[in-house]
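Asker: What follows is coords10.txt; its format and atoms are compact mmCIF, C-alpha atoms.
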```
# COMPACT_ATOMS: atom_id res chain seq x y z
CA MET A 1 10.26 -95.46 -10.41
CA ILE A 2 10.47 -97.81 -13.38
CA GLN A 3 9.41 -101.39 -12.82
CA ILE A 4 10.44 -104.33 -15.00
CA PHE A 5 8.12 -107.30 -15.34
CA ASN A 6 9.33 -110.64 -16.74
CA PRO A 7 12.94 -109.46 -17.19
CA SER A 8 15.29 -111.17 -19.62
CA ARG A 9 18.80 -112.35 -18.84
CA LEU A 10 20.03 -108.87 -19.64
CA THR A 11 17.41 -106.77 -17.91
CA ARG A 12 17.36 -108.82 -14.72
CA GLN A 13 20.96 -107.81 -13.97
CA PRO A 14 21.04 -105.76 -10.75
CA PHE A 15 23.18 -103.10 -12.43
CA PHE A 16 20.63 -102.62 -15.20
CA GLY A 17 17.86 -101.94 -12.70
CA GLU A 18 19.99 -99.43 -10.81
CA LEU A 19 21.19 -97.82 -14.03
CA ILE A 20 17.75 -97.17 -15.51
CA ARG A 21 16.53 -95.67 -12.26
CA TYR A 22 19.61 -93.44 -12.13
CA LEU A 23 19.12 -92.28 -15.72
CA ASP A 24 15.43 -91.77 -15.06
CA GLN A 25 16.34 -89.22 -12.37
CA HIS A 26 19.28 -87.51 -14.10
CA ASP A 27 19.60 -85.74 -17.45
CA ASP A 28 22.56 -85.51 -19.85
CA VAL A 29 24.58 -88.14 -18.02
CA ILE A 30 28.13 -88.83 -19.22
CA LEU A 31 30.03 -92.09 -18.82
CA ARG A 32 32.32 -90.69 -16.14
CA GLU A 33 29.30 -89.95 -13.94
CA ILE A 34 27.99 -93.49 -14.36
CA LYS A 35 31.39 -94.96 -13.49
CA ALA A 36 31.57 -92.76 -10.42
CA GLN A 37 28.13 -93.98 -9.37
CA PHE A 38 29.08 -97.64 -9.88
CA PRO A 39 32.85 -97.81 -9.24
CA ASP A 40 33.08 -101.56 -8.70
CA LEU A 41 31.50 -102.66 -11.98
CA ALA A 42 32.73 -103.18 -15.54
CA VAL A 43 30.53 -100.32 -16.69
CA ASP A 44 31.95 -100.00 -20.24
CA LYS A 45 31.20 -103.61 -21.18
CA LEU A 46 27.75 -103.62 -19.63
CA MET A 47 26.77 -100.31 -21.19
CA GLU A 48 27.73 -101.57 -24.64
CA GLU A 49 25.42 -104.57 -24.15
CA TYR A 50 22.50 -102.33 -23.23
CA ILE A 51 23.17 -99.97 -26.14
CA LYS A 52 23.40 -102.88 -28.56
CA ALA A 53 20.07 -104.20 -27.25
CA GLY A 54 18.52 -100.77 -27.85
CA LEU A 55 17.70 -100.21 -24.19
CA ILE A 56 20.10 -97.31 -23.66
CA LEU A 57 20.71 -94.52 -26.17
CA ARG A 58 24.09 -92.81 -26.58
CA GLU A 59 24.15 -89.40 -28.26
CA ASN A 60 26.97 -86.85 -28.13
CA LYS A 61 28.64 -88.82 -25.33
CA ARG A 62 25.44 -88.55 -23.28
CA TYR A 63 23.35 -91.51 -22.16
CA TYR A 64 19.56 -91.71 -22.14
CA LEU A 65 16.86 -94.28 -21.51
CA ASN A 66 15.45 -95.90 -24.63
CA LEU A 67 13.05 -98.34 -23.03
CA PRO A 68 9.82 -99.43 -24.74
CA MET A 69 7.68 -98.10 -21.90
CA LEU A 70 4.20 -99.51 -21.49
CA LYS A 71 1.63 -96.90 -22.53
CA THR A 72 -1.49 -98.98 -23.01
CA LEU A 73 -2.83 -102.40 -22.06
CA ASP A 74 -3.98 -103.09 -25.61
CA SER A 75 -2.47 -106.37 -26.86
CA LEU A 76 -0.89 -107.01 -23.44
CA GLU A 77 0.01 -110.68 -23.02
CA LEU A 78 0.88 -112.60 -19.89
CA ASP A 79 4.64 -113.14 -19.43
CA GLN A 80 5.82 -110.53 -21.92
CA GLU A 81 8.67 -108.32 -20.76
CA ILE A 82 7.46 -104.81 -20.02
CA PHE A 83 8.83 -101.59 -18.58
CA VAL A 84 6.38 -99.35 -16.79
CA SER A 85 6.60 -96.27 -14.60
CA GLU A 86 4.84 -96.46 -11.25
CA ASP A 87 3.68 -92.89 -11.89
CA SER A 88 1.96 -93.70 -15.18
CA PRO A 89 -1.85 -94.07 -15.38
CA VAL A 90 -1.46 -97.54 -16.84
CA TYR A 91 0.50 -98.94 -13.87
CA GLN A 92 -2.44 -99.43 -11.51
CA ALA A 93 -4.55 -100.81 -14.32
CA LEU A 94 -1.78 -103.31 -15.04
CA LEU A 95 -1.78 -104.53 -11.45
CA GLU A 96 -5.53 -105.09 -11.66
CA GLN A 97 -5.39 -107.13 -14.85
CA SER A 98 -6.52 -110.75 -14.62
CA PHE A 99 -5.38 -113.63 -16.81
CA GLU A 100 -6.35 -117.27 -17.13
CA THR A 101 -3.83 -120.10 -17.33
CA GLU A 102 -4.30 -123.80 -18.04
CA LEU A 103 -2.18 -126.74 -16.96
CA CYS A 104 -2.49 -130.13 -18.66
CA ASN A 105 -0.49 -133.33 -18.35
CA GLN A 106 0.32 -136.46 -20.34
CA THR A 107 -0.99 -138.93 -17.75
CA ASN A 108 -4.68 -138.03 -17.95
CA THR A 109 -7.05 -135.46 -19.42
CA ALA A 110 -7.44 -133.38 -16.25
CA ILE A 111 -7.05 -129.62 -16.70
CA LEU A 112 -6.23 -127.07 -14.02
CA VAL A 113 -7.61 -123.63 -14.83
CA GLU A 114 -6.27 -120.80 -12.67
CA LYS A 115 -6.66 -117.03 -12.52
CA THR A 116 -3.62 -114.84 -11.99
CA ASP A 117 -2.40 -111.27 -11.94
CA PHE A 118 0.20 -110.05 -14.44
CA ALA A 119 3.02 -110.15 -11.89
CA ARG A 120 2.12 -113.77 -11.10
CA THR A 121 2.05 -113.10 -7.36
CA LYS A 122 -1.19 -115.02 -6.88
CA MET A 123 -0.77 -118.46 -5.35
CA THR A 124 -1.32 -120.80 -8.29
CA LEU A 125 0.54 -123.83 -9.55
CA SER A 126 1.09 -122.26 -12.96
CA ASN A 127 2.69 -119.21 -11.35
CA TYR A 128 4.91 -121.42 -9.22
CA PHE A 129 6.17 -123.43 -12.20
CA TYR A 130 6.74 -120.23 -14.22
CA LYS A 131 8.73 -118.46 -11.53
CA VAL A 132 10.87 -121.46 -10.64
CA LYS A 133 11.64 -122.13 -14.31
CA ASN A 134 12.70 -118.52 -14.89
CA GLN A 135 14.39 -118.15 -11.50
CA TYR A 136 12.22 -115.18 -10.58
CA PRO A 137 11.78 -114.20 -6.91
CA LEU A 138 9.01 -116.11 -5.13
CA THR A 139 6.42 -114.59 -2.85
CA GLU A 140 6.33 -115.74 0.77
CA LYS A 141 3.47 -118.12 -0.02
CA GLN A 142 5.25 -119.47 -3.09
CA GLN A 143 8.34 -120.05 -0.95
CA GLU A 144 6.18 -122.19 1.32
CA LEU A 145 5.38 -124.36 -1.69
CA TYR A 146 9.03 -124.41 -2.74
CA ALA A 147 9.93 -125.84 0.67
CA ILE A 148 7.71 -128.81 -0.22
CA LEU A 149 8.24 -129.26 -3.95
CA GLY A 150 11.54 -127.59 -4.75
CA ASP A 151 12.50 -127.40 -8.42
CA VAL A 152 10.23 -130.28 -9.39
CA ASN A 153 9.53 -131.31 -12.97
CA PRO A 154 6.05 -129.87 -13.76
CA GLU A 155 4.93 -132.94 -15.71
CA TYR A 156 5.96 -135.22 -12.85
CA ALA A 157 4.16 -133.09 -10.26
CA LEU A 158 1.01 -132.77 -12.35
CA LYS A 159 0.87 -136.53 -12.81
CA TYR A 160 0.50 -137.14 -9.08
CA MET A 161 -1.56 -134.06 -8.26
CA THR A 162 -4.18 -134.66 -10.94
CA THR A 163 -4.31 -138.39 -10.18
CA PHE A 164 -5.25 -137.51 -6.60
CA LEU A 165 -7.72 -134.82 -7.63
CA LEU A 166 -9.52 -137.14 -10.05
CA LYS A 167 -10.38 -139.42 -7.15
CA PHE A 168 -13.03 -136.82 -6.30
CA LEU A 169 -14.97 -138.15 -9.29
CA LYS A 170 -16.18 -140.99 -7.08
CA LYS A 171 -15.82 -139.65 -3.53
CA ASP A 172 -16.43 -136.35 -1.73
CA GLN A 173 -13.83 -137.10 0.92
CA LEU A 174 -10.47 -138.82 0.57
CA MET A 175 -8.02 -140.37 2.99
CA GLN A 176 -4.27 -140.19 2.59
CA LYS A 177 -2.60 -142.49 5.09
CA ARG A 178 1.00 -141.71 4.29
CA ARG A 179 2.55 -138.25 4.01
CA ASP A 180 2.58 -137.14 0.39
CA ILE A 181 4.29 -133.98 -0.83
CA PHE A 182 1.86 -133.59 -3.71
CA VAL A 183 -1.17 -133.77 -1.43
CA ASP A 184 0.53 -131.32 0.94
CA SER A 185 1.11 -129.02 -2.03
CA LEU A 186 -2.56 -129.14 -3.02
CA VAL A 187 -3.43 -128.00 0.49
CA VAL A 188 -1.00 -125.07 0.32
CA LEU A 189 -2.39 -124.14 -3.09
CA GLY A 190 -5.95 -124.19 -1.79
CA TYR A 191 -7.18 -127.00 -4.02
CA ILE A 192 -8.12 -129.21 -1.08
CA VAL A 193 -8.71 -128.82 2.66
CA GLN A 194 -8.48 -131.28 5.51
CA ASN A 195 -11.60 -131.62 7.64
CA ALA A 196 -11.94 -132.45 11.33
CA ASP A 197 -11.84 -136.17 10.57
CA GLY A 198 -8.51 -135.84 8.80
CA LYS A 199 -10.04 -136.45 5.39
CA TYR A 200 -9.47 -134.25 2.37
CA GLU A 201 -12.25 -132.35 0.66
CA LEU A 202 -12.18 -130.48 -2.63
CA ALA A 203 -12.10 -126.71 -2.08
CA ILE A 204 -12.47 -125.57 -5.69
CA ASP A 205 -14.94 -125.97 -8.54
CA PHE A 206 -14.80 -129.23 -10.48
CA ASP A 207 -16.47 -129.83 -13.83
CA LYS A 208 -16.69 -133.62 -13.78
CA GLU A 209 -17.73 -133.89 -17.42
CA ARG A 210 -14.78 -131.90 -18.68
CA LEU A 211 -12.43 -133.07 -15.91
CA THR A 212 -11.54 -129.46 -15.29
CA PHE A 213 -10.64 -127.92 -11.95
CA TYR A 214 -11.05 -124.17 -11.46
CA LEU A 215 -8.95 -122.16 -9.02
CA VAL A 216 -10.14 -118.57 -9.34
```
Now that the file is in, can you turn its structure into structure tokens?

Answerer:
Amino acid sequence: MIQIFNPSRLTRQPFFGELIRYLDQHDDVILREIKAQFPDLAVDKLMEEYIKAGLILRENKRYYLNLPMLKTLDSLELDQEIFVSEDSPVYQALLEQSFETELCNQTNTAILVEKTDFARTKMTLSNYFYKVKNQYPLTEKQQELYAILGDVNPEYALKYMTTFLLKFLKKDQLMQKRRDIFVDSLVVLGYIVQNADGKYELAIDFDKERLTFYLV
């Protein structure tokens, strides 16, 4: 099966996903067969879009896949759109790739450094912002964070999260008397934990000289 990572407006269409998997399993397909397979869709218009984008090839009234399939991880960059077959040798290697992201803000000089997988399924703040911005499906854990933050402005959220985190410069334990969605979010993310006394402790590495927090 072909998987699409970081799909565009065009390639995230449900029909496109079904179409490429159909063409991947059938040879010398004609338009009539595609219409029969998807009777309720405006197939002609959609097919022309895919052909124009170079994703589908039409030759002698037959339709073929023309996807830039991933063959190697050389020059792979986080968030680029890729097409890869689950049967290819590179697929498992792709899932095991690790990338580093950084989040900064305009309020202070704190930096959040996080590690993630290519699919951005790992629970990090960077992944959450990326998926919400692009309207990509959230994992169950990311949905838990969405229930707290919703479609929040990243700069706004980082302002309050980093302001709280920087309090650990002077104290090892912090109290938060009133309920705060940003503190709750830091707990869900694994940045902080609440101890038996109800106080919050830092649960990640903190370089106090560089004001950098590391979630790995």

Asker: Please determine, counting all atoms listed in the file, which residue among A:Ile82, A:Phe99, A:Glu48, A:Arg62 has the shortest atom-to-atom distance to Thr11 of chain A.

Answerer: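 For Thr11 of chain A, the nearest of the given residues is A:Ile82.
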
Asker: Between A:Gln25, A:Gln143, A:Ser185, A:Asn134, which has the minimum distance to Leu165 of chain A (counting only C-alpha atoms)?

Answerer: A:Ser185

Asker: Which residues come within 9 Å of segment 84-92 of chain A, counting all atoms listed in the file, excluding same-chain residues fewer than 2 positions away, as number ranges by chain?

Answerer: A: 1-5, 68-73, 82, 94-97

Asker: So how far away is atom CA of Lys199 of chain A from atom CA of Leu174 of chain A, in Å?

Answerer: 5.4 Å

Asker: Just the number, please: distance in Å from atom CA of Lys167 of chain A to atom CA of Glu100 of chain A, one decimal.

Answerer: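 Taking atom CA of Lys167 of chain A as the start and atom CA of Glu100 of chain A as the end point, the length is 24.6 Å.
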
Asker: For each of A:Gln176, A:Val216, A:Glu81, A:His26, take the minimum atom-to-atom distance to Arg12 of chain A, counting only C-alpha atoms, then give the residue where this is smallest.

Answerer: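 Nearest candidate to Arg12 of chain A out of A:Gln176, A:Val216, A:Glu81, A:His26: A:Glu81.
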
Asker: What separation in Å, quoted to one decimal, exists between atom CA of Ala203 of chain A and atom CA of Tyr191 of chain A?

Answerer: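 Between atom CA of Ala203 of chain A and atom CA of Tyr191 of chain A the gap is 5.3 Å.
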
Asker: Nearest to Ile111 of chain A among A:Leu55, A:Leu23, A:Lys131, A:Ser126, with distances taken over all atoms listed in the file: which residue is it?

Answerer: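 With all atoms listed in the file as the atom set, the closest residue is A:Ser126.
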
Asker: Set the distance at 6 Å and use all atoms listed in the file: which residues neighbour Ile192 of chain A once local chain neighbours fewer than 3 positions away are removed? I'd like the list as a PDB file with C-alpha atoms, in the frame of the given file.

Answerer:
```
ATOM      1  CA  LEU A 186      -2.560-129.140  -3.020  1.00  0.00           C
ATOM      2  CA  VAL A 187      -3.430-128.000   0.490  1.00  0.00           C
ATOM      3  CA  GLU A 201     -12.250-132.350   0.660  1.00  0.00           C
ATOM      4  CA  LEU A 202     -12.180-130.480  -2.630  1.00  0.00           C
ATOM      5  CA  ALA A 203     -12.100-126.710  -2.080  1.00  0.00           C
TER       6      ALA A 203
END
```

Asker: Tell me which of A:Val152, A:Met123, A:Val183, A:Leu31 sits closest to Glu140 of chain A, counting all atoms listed in the file.

Answerer: A:Met123

Asker: Find, counting only C-alpha atoms, the residue in A:Leu215, A:Phe83, A:Asn66, A:Phe15 that gets nearest to Asp40 of chain A.

Answerer: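 Under the stated criterion, the closest residue is A:Phe15.
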